[in-house]
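J.: One structure follows; several queries about it will come next.
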Amino acid sequence: MNVRARPRATLSRTKAVATAFFALSPLVFVSPAAALSPVPGSPFATGATPSAVAFSQAGQRLAVANQADDSVSLYAVDPTSGALGAVAGSPFAAGGAPSSVAFSGDGSRLAVADLADDTVRVFAVTSQGLVPLSGSPFATGAQPYSVAFSPDGTLLAVADQGDDDVSLFAVAGGAVSPVPGSPFATGRVPYSVAFSPGGTLLAVANQGDDDVAVFSASGTGLAAVPGSPFPTGDEPYSVAFRPDGRQLATADYAGNTVSVFSVTGASVTRAAGSPLAVGEGPVSVAFNADSSLLATANFGGVSTSVFSVVGAAPVPVTGSPFANASAPIAIAFGPPGQLGLLATAFGDGGVSLDAFPQTALPPVDLAGTQTGGAPGATRPPPVTVSRLAFTPARFVVGATPTALSARAPKKKTKPKTSRGGTTISYTLSGAGTVGIAISRKVAGLKLKGKGCVIRSPKTQKALLVASAKSLKKLSPAARRKKQAALLKAATCAALKGIGTLIRAGSAGPHTLPFSGRLGKYALAPGSYVAVASTGPASPPAATSTAAFTVLTAKKRTGSSA
């Protein structure tokens with residue numbers, strides 16, 4: 001838990017307050033030879049709107065960021081079954097809209113990005129639970145969305161999506177202080193950060209620039225490696241290094257792909273076959289502990305894609321993508337040589353838990369813990385969205401950024417649209433998460449077998465090549481005239497994806513003030529189509545569509561049709 005007038009597409013992984021009690025898709029093990037199968041006791045309860053999950057290095061603890069509850073759930077992992085038990089005192093208060101969690105390498109520290117407070121909180125992980133370090137929380141840039149410790153725990157990086165930079169902190173014992181020069185500029189709307197296994201590199205997924213920036217990282221700051229940033233698929237939402245350090249990958253939300261890069265020292269190159277097609281709307285990516293598997297959580301496709309990465313190029317495992325019961329928000333593999341677990345958090349419900357028994361986990365004190373979830377727990381009916389509308393449907397862009405990822409206000413207020421902007425309204429059939437995908441109407445061409453595609457030199461050439469045989473015998477002048485007629489006849493209105501707003505909420509009507517900006521980037525004047533979706537539903541009519549127009553500043557807003 002997206003999101004960066006930008007020249008290219010913009011995505012916002014915004015989540016608002018949900019009143020429902022959500023669950024953690026507890027633990028799932030995926031092997032190339034087997035499909036997913038639940039661990040006994042799954043699903044395990046979490047707070048509302050879980051947005052991130054993380055294992056400690058030893059695998060004894062699992063943390064979950066509960067964005068709508070301003071809390072972090074902490075669990076002990078059973079060394080035999082992999083089942084979760086909530087640590088006494090859990091959930092623990094964690095500031096405003098926690099969006100990301102990360103353990104230090106030795107498991108003694110837990111960092112939490114507070115999206116709504118522009119801070120990062122650092123806790124000591126003790127037998128009594130989570131204890132804030134002296135001075136915590138620590139100020140970051142605007143809207144911190146992702147957090148990561150270097151493997152040795154001496155550096156802490158935070159992706160500040162609202163300021164297009166990364167805050168870097170030095171950690172020594174119980175002291176946390178900004179590294180000289182911090183924050184460091186990166187690309188637009190940095191959504192995710194990850195350190196390499198050796199701690200010498202830091203990767204940043206820049207959702208607004210469709211690339212991943214890679215830096216040499218140390219206590220003296222960040223320095224871009226040669227060739228950085230590196231192009232990815234559309235709107236990279238998450239980034240992860242392979243545990244052996246040989247690859248890094250990004251989950252490309254709008255591209256429905258995962259981009260994979262080979263890493264040798266400070267050299268980064270695109271891997272063979274990359275980018276790889278995955279399910280719709282991948283929002284999280286992770287490698288397993290022995291560097292044999294790569295997985296993505298596909299929010300839009302309500303599925304998990306899994307690849308074998310032991311060969312020269314990633315290969316989908318049999319059965320991938322695997323269907324989920326509800327939309328996955330985040331995934332994290334367990335540590336090496338353990339039970340082989342994959343934790344998956346779902347935005348509107350539970351998940352299953354699979355385990356492939358390997359070496360038992362180190363002993364862990366489960367005293368003071370309580371079992372979460374229950375075998376055979378039933379899932380709520382699928383949530384649908386309806387009555388999507390923009391009021392007014394014609395408006396100029398306002399000056400105030402639309403929060404990319406934030407909670408809904410506790411008190412309903414009348415949106416102000418007199419200075420630009422509009423109000424988005426929709427209705428949810430139950431507590432859940434909705435994605436509002438925004439696309440702009442652009443010139444298109446009808447191509448056989450592909451429908452209406454965006455017009456470009458490449459698609460124009462494809463159309464004319466398909467008709468080349470029938471034009472071959474014509475004179476040059478007649479051929480040009482015929483080609484112009486073919487292009488005119490094939491003209492259509494295509495849709496170009498711009499970005500997605502993601503919100504969670506309770507059953508009933510909802511309103512969302514929308515300035516016409518995704519973050520601080522304004523939509524260009526033109527015609528747009530928005531599609532709200534909650535994922536698969538039964539019946540499958542889970543989407544609702546509405547059109548709107550962004551006017552130039554000289555024109556007055558009009559009423560919706």
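Following the order of the structure tokens, first chain is A, next is B, and so on, with residues numbered from 1 inside each chain and ligands from 1 in the order they appear.
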Find the residues near Pro316 of chain A: any atom within 10 Å, counting only C-alpha atoms, skip ones fewer than 4 places away on the same chain, and give them as a list in words.
T.: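 So, after excluding close chain neighbours, the residues are Pro32, Leu276, Ala277, Val278, Leu293, Leu294, Ala295, Ser305, Val306, Phe307, Ser308, Val309, Ser320 and Pro321 of chain A.
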J.: Please produce a file of those selected residues containing all heavy atoms, as an mmCIF file, in the first residue's frame.
T.:
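Saved as again-v9.cif:
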```cif
data_model
loop_
_atom_site.group_PDB
_atom_site.id
_atom_site.type_symbol
_atom_site.label_atom_id
_atom_site.label_comp_id
_atom_site.auth_asym_id
_atom_site.auth_seq_id
_atom_site.Cartn_x
_atom_site.Cartn_y
_atom_site.Cartn_z
ATOM 1 N N PRO A 32 7.866 -25.003 -6.863
ATOM 2 C CA PRO A 32 7.595 -25.205 -8.285
ATOM 3 C C PRO A 32 6.732 -26.431 -8.553
ATOM 4 O O PRO A 32 6.114 -26.539 -9.599
ATOM 5 C CB PRO A 32 9.000 -25.381 -8.876
ATOM 6 C CG PRO A 32 9.908 -24.697 -7.902
ATOM 7 C CD PRO A 32 9.280 -24.945 -6.553
ATOM 8 N N LEU A 276 8.409 -9.621 -17.545
ATOM 9 C CA LEU A 276 7.600 -10.836 -17.603
ATOM 10 C C LEU A 276 6.148 -10.516 -17.299
ATOM 11 O O LEU A 276 5.851 -9.758 -16.380
ATOM 12 C CB LEU A 276 8.117 -11.851 -16.585
ATOM 13 C CG LEU A 276 9.612 -12.169 -16.644
ATOM 14 C CD1 LEU A 276 10.044 -12.844 -15.361
ATOM 15 C CD2 LEU A 276 9.912 -13.044 -17.837
ATOM 16 N N ALA A 277 5.240 -11.098 -18.044
ATOM 17 C CA ALA A 277 3.809 -10.886 -17.807
ATOM 18 C C ALA A 277 3.388 -11.592 -16.520
ATOM 19 O O ALA A 277 3.761 -12.738 -16.269
ATOM 20 C CB ALA A 277 2.992 -11.411 -18.976
ATOM 21 N N VAL A 278 2.619 -10.877 -15.696
ATOM 22 C CA VAL A 278 2.054 -11.455 -14.470
ATOM 23 C C VAL A 278 0.570 -11.144 -14.447
ATOM 24 O O VAL A 278 0.013 -10.663 -15.427
ATOM 25 C CB VAL A 278 2.758 -10.891 -13.210
ATOM 26 C CG1 VAL A 278 4.219 -11.293 -13.177
ATOM 27 C CG2 VAL A 278 2.619 -9.373 -13.127
ATOM 28 N N LEU A 293 12.887 -18.810 -6.220
ATOM 29 C CA LEU A 293 11.555 -18.393 -6.635
ATOM 30 C C LEU A 293 11.398 -16.876 -6.573
ATOM 31 O O LEU A 293 12.019 -16.203 -5.747
ATOM 32 C CB LEU A 293 10.483 -19.028 -5.753
ATOM 33 C CG LEU A 293 10.346 -20.549 -5.769
ATOM 34 C CD1 LEU A 293 9.282 -20.986 -4.767
ATOM 35 C CD2 LEU A 293 9.997 -21.045 -7.161
ATOM 36 N N LEU A 294 10.548 -16.362 -7.451
ATOM 37 C CA LEU A 294 10.166 -14.959 -7.477
ATOM 38 C C LEU A 294 8.644 -14.912 -7.511
ATOM 39 O O LEU A 294 8.016 -15.623 -8.304
ATOM 40 C CB LEU A 294 10.743 -14.275 -8.720
ATOM 41 C CG LEU A 294 10.249 -12.867 -9.051
ATOM 42 C CD1 LEU A 294 10.713 -11.878 -7.991
ATOM 43 C CD2 LEU A 294 10.758 -12.434 -10.432
ATOM 44 N N ALA A 295 8.031 -14.081 -6.656
ATOM 45 C CA ALA A 295 6.567 -14.015 -6.594
ATOM 46 C C ALA A 295 6.091 -12.568 -6.628
ATOM 47 O O ALA A 295 6.788 -11.660 -6.148
ATOM 48 C CB ALA A 295 6.048 -14.694 -5.323
ATOM 49 N N SER A 305 1.535 -14.547 -8.778
ATOM 50 C CA SER A 305 2.340 -15.135 -9.846
ATOM 51 C C SER A 305 3.656 -15.618 -9.255
ATOM 52 O O SER A 305 4.250 -14.926 -8.418
ATOM 53 C CB SER A 305 2.614 -14.119 -10.956
ATOM 54 O OG SER A 305 1.437 -13.758 -11.631
ATOM 55 N N VAL A 306 4.114 -16.788 -9.678
ATOM 56 C CA VAL A 306 5.343 -17.369 -9.135
ATOM 57 C C VAL A 306 6.221 -17.856 -10.283
ATOM 58 O O VAL A 306 5.740 -18.520 -11.204
ATOM 59 C CB VAL A 306 5.035 -18.541 -8.184
ATOM 60 C CG1 VAL A 306 6.318 -19.044 -7.532
ATOM 61 C CG2 VAL A 306 4.040 -18.121 -7.116
ATOM 62 N N PHE A 307 7.516 -17.518 -10.219
ATOM 63 C CA PHE A 307 8.480 -17.906 -11.243
ATOM 64 C C PHE A 307 9.657 -18.643 -10.610
ATOM 65 O O PHE A 307 10.081 -18.320 -9.492
ATOM 66 C CB PHE A 307 9.031 -16.676 -11.977
ATOM 67 C CG PHE A 307 8.008 -15.895 -12.739
ATOM 68 C CD1 PHE A 307 7.230 -14.934 -12.095
ATOM 69 C CD2 PHE A 307 7.817 -16.101 -14.097
ATOM 70 C CE1 PHE A 307 6.279 -14.195 -12.792
ATOM 71 C CE2 PHE A 307 6.874 -15.368 -14.803
ATOM 72 C CZ PHE A 307 6.104 -14.421 -14.154
ATOM 73 N N SER A 308 10.180 -19.609 -11.345
ATOM 74 C CA SER A 308 11.447 -20.222 -10.972
ATOM 75 C C SER A 308 12.558 -19.351 -11.553
ATOM 76 O O SER A 308 12.529 -18.995 -12.732
ATOM 77 C CB SER A 308 11.544 -21.638 -11.541
ATOM 78 O OG SER A 308 12.858 -22.132 -11.381
ATOM 79 N N VAL A 309 13.559 -18.987 -10.729
ATOM 80 C CA VAL A 309 14.639 -18.114 -11.193
ATOM 81 C C VAL A 309 15.995 -18.799 -11.064
ATOM 82 O O VAL A 309 17.031 -18.149 -10.925
ATOM 83 C CB VAL A 309 14.634 -16.769 -10.437
ATOM 84 C CG1 VAL A 309 13.447 -15.934 -10.836
ATOM 85 C CG2 VAL A 309 14.652 -16.986 -8.932
ATOM 86 N N SER A 320 0.856 -21.135 -12.220
ATOM 87 C CA SER A 320 0.932 -19.687 -12.008
ATOM 88 C C SER A 320 0.225 -18.953 -13.142
ATOM 89 O O SER A 320 0.335 -19.348 -14.311
ATOM 90 C CB SER A 320 2.393 -19.247 -11.941
ATOM 91 O OG SER A 320 2.504 -17.858 -11.765
ATOM 92 N N PRO A 321 -0.516 -17.869 -12.829
ATOM 93 C CA PRO A 321 -0.743 -17.301 -11.486
ATOM 94 C C PRO A 321 -1.791 -18.082 -10.697
ATOM 95 O O PRO A 321 -2.713 -18.647 -11.272
ATOM 96 C CB PRO A 321 -1.235 -15.885 -11.795
ATOM 97 C CG PRO A 321 -1.913 -16.003 -13.128
ATOM 98 C CD PRO A 321 -1.132 -17.038 -13.884
#
```
J.: Using DSSP secondary structure from the backbone, list all strand (DSSP E or B) positions within segment 174-403 of chain A, as a PyMOL selection string.
T.: chain A and resi 175-178+184-185+190-195+201-206+211-218+221-224+230-231+236-241+247-252+257-264+267-270+276-277+282-287+293-298+303-308+315-316+322-323+328-333+342-346+370-371+385-391+394-396+402
J.: For Asp244 of chain A, find every residue with an atom within 10 Å (counting only C-alpha atoms), except residues of its own chain fewer than 3 positions away, and show them as a PyMOL selection string.
T.: chain A and resi 196-198+241+247+287+289-292
J.: Excluding Ala330 of chain A and any residue of its chain fewer than 2 positions from it, enumerate the residues within 7 Å of it, using only C-alpha atoms, and give them as JSON, numbers by chain.
T.: {"A": [51, 52, 53, 283, 284, 297, 328, 344, 345]}
J.: Calculated over only C-alpha atoms, which of the candidates A:Pro91, A:Pro335, A:Val550, A:Ala142 has the smallest distance to Ala58 of chain A?
T.: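 Residue with the minimum atom-to-atom distance to Ala58 of chain A: A:Pro335.
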J.: Please list as a PyMOL selection string every residue within 8 Å of segment 166-171 of chain A, counting only C-alpha atoms and excluding residues in the same chain fewer than 2 positions away.
T.: chain A and resi 140-141+153-160+164+173-179+182-186+190+219+221
J.: Limited to N, CA and C atoms, could you put the picked residues into a file as a CSV table (one decimal), in the first residue's frame?
T.:
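To be explicit, this is the file written out as again_32.csv:
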```
chain,number,residue,atom,x,y,z
A,140,THR,N,10.9,12.6,8.4
A,140,THR,CA,11.2,12.2,7.1
A,140,THR,C,10.7,13.2,6.1
A,141,GLY,N,10.8,12.9,4.8
A,141,GLY,CA,10.1,13.7,3.8
A,141,GLY,C,8.6,13.5,3.8
A,153,GLY,N,22.1,-3.5,9.7
A,153,GLY,CA,21.3,-2.6,10.6
A,153,GLY,C,21.9,-1.2,10.8
A,154,THR,N,22.9,-0.8,10.1
A,154,THR,CA,23.5,0.5,10.4
A,154,THR,C,22.9,1.6,9.6
A,155,LEU,N,22.1,1.3,8.5
A,155,LEU,CA,21.5,2.3,7.7
A,155,LEU,C,20.0,2.0,7.6
A,156,LEU,N,19.2,3.0,7.6
A,156,LEU,CA,17.8,2.9,7.5
A,156,LEU,C,17.3,3.9,6.4
A,157,ALA,N,16.7,3.3,5.3
A,157,ALA,CA,16.2,4.2,4.2
A,157,ALA,C,14.7,4.2,4.2
A,158,VAL,N,14.2,5.4,3.8
A,158,VAL,CA,12.8,5.7,3.7
A,158,VAL,C,12.4,6.3,2.4
A,159,ALA,N,11.5,5.8,1.6
A,159,ALA,CA,11.1,6.4,0.4
A,159,ALA,C,10.0,7.4,0.6
A,160,ASP,N,10.3,8.7,0.4
A,160,ASP,CA,9.4,9.8,0.6
A,160,ASP,C,8.6,10.1,-0.7
A,164,ASP,N,9.6,13.1,-3.6
A,164,ASP,CA,10.5,12.6,-4.6
A,164,ASP,C,12.0,12.4,-4.1
A,173,GLY,N,23.5,1.5,17.8
A,173,GLY,CA,22.9,1.2,19.1
A,173,GLY,C,21.5,1.7,19.1
A,174,GLY,N,21.2,2.5,20.1
A,174,GLY,CA,19.8,3.0,20.2
A,174,GLY,C,19.7,4.4,19.6
A,175,ALA,N,20.7,4.9,18.9
A,175,ALA,CA,20.7,6.2,18.3
A,175,ALA,C,20.4,6.2,16.8
A,176,VAL,N,19.5,7.0,16.4
A,176,VAL,CA,19.1,7.2,15.0
A,176,VAL,C,19.3,8.6,14.5
A,177,SER,N,20.1,8.9,13.5
A,177,SER,CA,20.4,10.3,13.1
A,177,SER,C,20.5,10.3,11.6
A,178,PRO,N,20.1,11.5,11.0
A,178,PRO,CA,20.1,11.6,9.5
A,178,PRO,C,21.6,11.5,9.0
A,179,VAL,N,21.8,10.9,7.9
A,179,VAL,CA,23.1,10.9,7.3
A,179,VAL,C,23.3,12.2,6.6
A,182,SER,N,21.2,14.0,3.7
A,182,SER,CA,19.8,13.5,3.6
A,182,SER,C,18.8,14.6,3.8
A,183,PRO,N,17.7,14.5,3.0
A,183,PRO,CA,17.3,13.5,2.0
A,183,PRO,C,18.0,13.6,0.7
A,184,PHE,N,18.0,12.5,-0.1
A,184,PHE,CA,18.7,12.4,-1.4
A,184,PHE,C,17.6,12.3,-2.5
A,185,ALA,N,17.8,13.1,-3.5
A,185,ALA,CA,16.8,13.1,-4.6
A,185,ALA,C,16.9,11.8,-5.4
A,186,THR,N,15.7,11.3,-5.7
A,186,THR,CA,15.6,10.2,-6.6
A,186,THR,C,14.6,10.5,-7.7
A,190,PRO,N,8.8,8.0,-5.5
A,190,PRO,CA,9.5,6.7,-5.1
A,190,PRO,C,8.6,6.0,-4.1
A,219,GLY,N,27.5,5.1,4.9
A,219,GLY,CA,27.2,6.1,5.9
A,219,GLY,C,27.5,7.6,5.5
A,221,GLY,N,26.4,8.6,2.5
A,221,GLY,CA,25.3,9.0,1.6
A,221,GLY,C,25.0,8.1,0.4
```
J.: Would you mind listing what lies within 9 Å of Ser192 of chain A as a ChimeraX atom specification, with only C-alpha atoms counted and same-chain residues fewer than 6 positions away left out?
T.: /A:145-148,158-159,161,203-207,236-240
J.: Would you save the residues of that selection, restricted to N, CA, C and O atoms, as a tab-separated table (two decimals), in the first residue's frame?
T.:
```tsv
chain	number	residue	atom	x	y	z
A	145	TYR	N	6.54	6.08	2.30
A	145	TYR	CA	5.72	4.92	1.93
A	145	TYR	C	6.41	3.59	2.14
A	145	TYR	O	5.76	2.56	2.32
A	146	SER	N	7.74	3.57	2.08
A	146	SER	CA	8.45	2.31	2.21
A	146	SER	C	9.68	2.52	3.08
A	146	SER	O	10.27	3.61	3.09
A	147	VAL	N	10.08	1.47	3.80
A	147	VAL	CA	11.22	1.57	4.70
A	147	VAL	C	12.04	0.28	4.62
A	147	VAL	O	11.50	-0.80	4.38
A	148	ALA	N	13.37	0.42	4.77
A	148	ALA	CA	14.24	-0.77	4.70
A	148	ALA	C	15.50	-0.53	5.52
A	148	ALA	O	16.06	0.57	5.50
A	158	VAL	N	14.20	5.42	3.80
A	158	VAL	CA	12.76	5.67	3.73
A	158	VAL	C	12.44	6.35	2.40
A	158	VAL	O	13.05	7.36	2.06
A	159	ALA	N	11.50	5.79	1.63
A	159	ALA	CA	11.07	6.38	0.37
A	159	ALA	C	9.99	7.42	0.65
A	159	ALA	O	8.91	7.08	1.12
A	161	GLN	N	7.49	9.46	-0.92
A	161	GLN	CA	6.81	9.60	-2.20
A	161	GLN	C	6.31	11.01	-2.45
A	161	GLN	O	6.22	11.46	-3.59
A	203	ALA	N	18.14	0.16	-3.94
A	203	ALA	CA	17.28	0.29	-5.12
A	203	ALA	C	16.01	1.04	-4.73
A	203	ALA	O	15.45	0.80	-3.66
A	204	VAL	N	15.56	1.93	-5.62
A	204	VAL	CA	14.36	2.74	-5.38
A	204	VAL	C	13.45	2.63	-6.59
A	204	VAL	O	13.85	2.95	-7.71
A	205	ALA	N	12.22	2.15	-6.39
A	205	ALA	CA	11.24	2.06	-7.47
A	205	ALA	C	10.55	3.41	-7.61
A	205	ALA	O	9.84	3.84	-6.70
A	206	ASN	N	10.79	4.10	-8.73
A	206	ASN	CA	10.20	5.42	-8.98
A	206	ASN	C	8.95	5.26	-9.84
A	206	ASN	O	9.02	5.17	-11.06
A	207	GLN	N	7.81	5.23	-9.16
A	207	GLN	CA	6.56	4.95	-9.85
A	207	GLN	C	6.22	6.02	-10.88
A	207	GLN	O	5.63	5.73	-11.90
A	236	PRO	N	6.29	1.11	-11.55
A	236	PRO	CA	6.83	0.14	-10.59
A	236	PRO	C	6.40	0.48	-9.17
A	236	PRO	O	6.59	1.60	-8.71
A	237	TYR	N	5.82	-0.48	-8.51
A	237	TYR	CA	5.20	-0.27	-7.20
A	237	TYR	C	6.05	-0.82	-6.06
A	237	TYR	O	5.92	-0.41	-4.93
A	238	SER	N	6.89	-1.80	-6.38
A	238	SER	CA	7.65	-2.49	-5.35
A	238	SER	C	8.97	-2.96	-5.94
A	238	SER	O	9.06	-3.22	-7.14
A	239	VAL	N	10.01	-3.04	-5.10
A	239	VAL	CA	11.31	-3.50	-5.56
A	239	VAL	C	11.91	-4.45	-4.53
A	239	VAL	O	11.66	-4.30	-3.33
A	240	ALA	N	12.65	-5.45	-5.01
A	240	ALA	CA	13.28	-6.41	-4.10
A	240	ALA	C	14.55	-6.95	-4.72
A	240	ALA	O	14.63	-7.13	-5.94
```
J.: Please produce, as CSV, a per-residue contact table for segment 145-222 of chain A versus segment 251-270 of chain A (criterion: any atom at most 9 Å away, only C-alpha atoms considered), showing the nearest atom pair and its distance in Å to one decimal, sorted by chain then residue number.
T.:
```
residue,atom,partner,partner_atom,distance
A:Thr200,CA,A:Ala266,CA,8.7
A:Leu201,CA,A:Ala266,CA,7.6
A:Ala205,CA,A:Ala251,CA,8.9
A:Gln207,CA,A:Asp252,CA,8.4
A:Asp210,CA,A:Asp252,CA,8.3
A:Val214,CA,A:Val268,CA,8.3
A:Phe215,CA,A:Ala266,CA,8.5
A:Ser216,CA,A:Ala266,CA,7.5
```
J.: For atom CA of Leu463 of chain A and atom CA of Lys496 of chain A, quote the distance in Å rounded to one decimal.
T.: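 Pair atom CA of Leu463 of chain A / atom CA of Lys496 of chain A returns 19.3 Å.
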J.: I'd like the interatomic distance between atom CA of Gly505 of chain A and atom CA of Ala431 of chain A, to a tenth of an Å.
T.: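 Answer for the atom CA of Gly505 of chain A to atom CA of Ala431 of chain A separation: 5.6 Å.
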J.: From the list A:Gln483, A:Gly245, A:Pro180, A:Gly526, which residue is nearest Leu222 of chain A when using only C-alpha atoms?
T.: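 Answer, going by the shortest atom-to-atom distance: A:Pro180.
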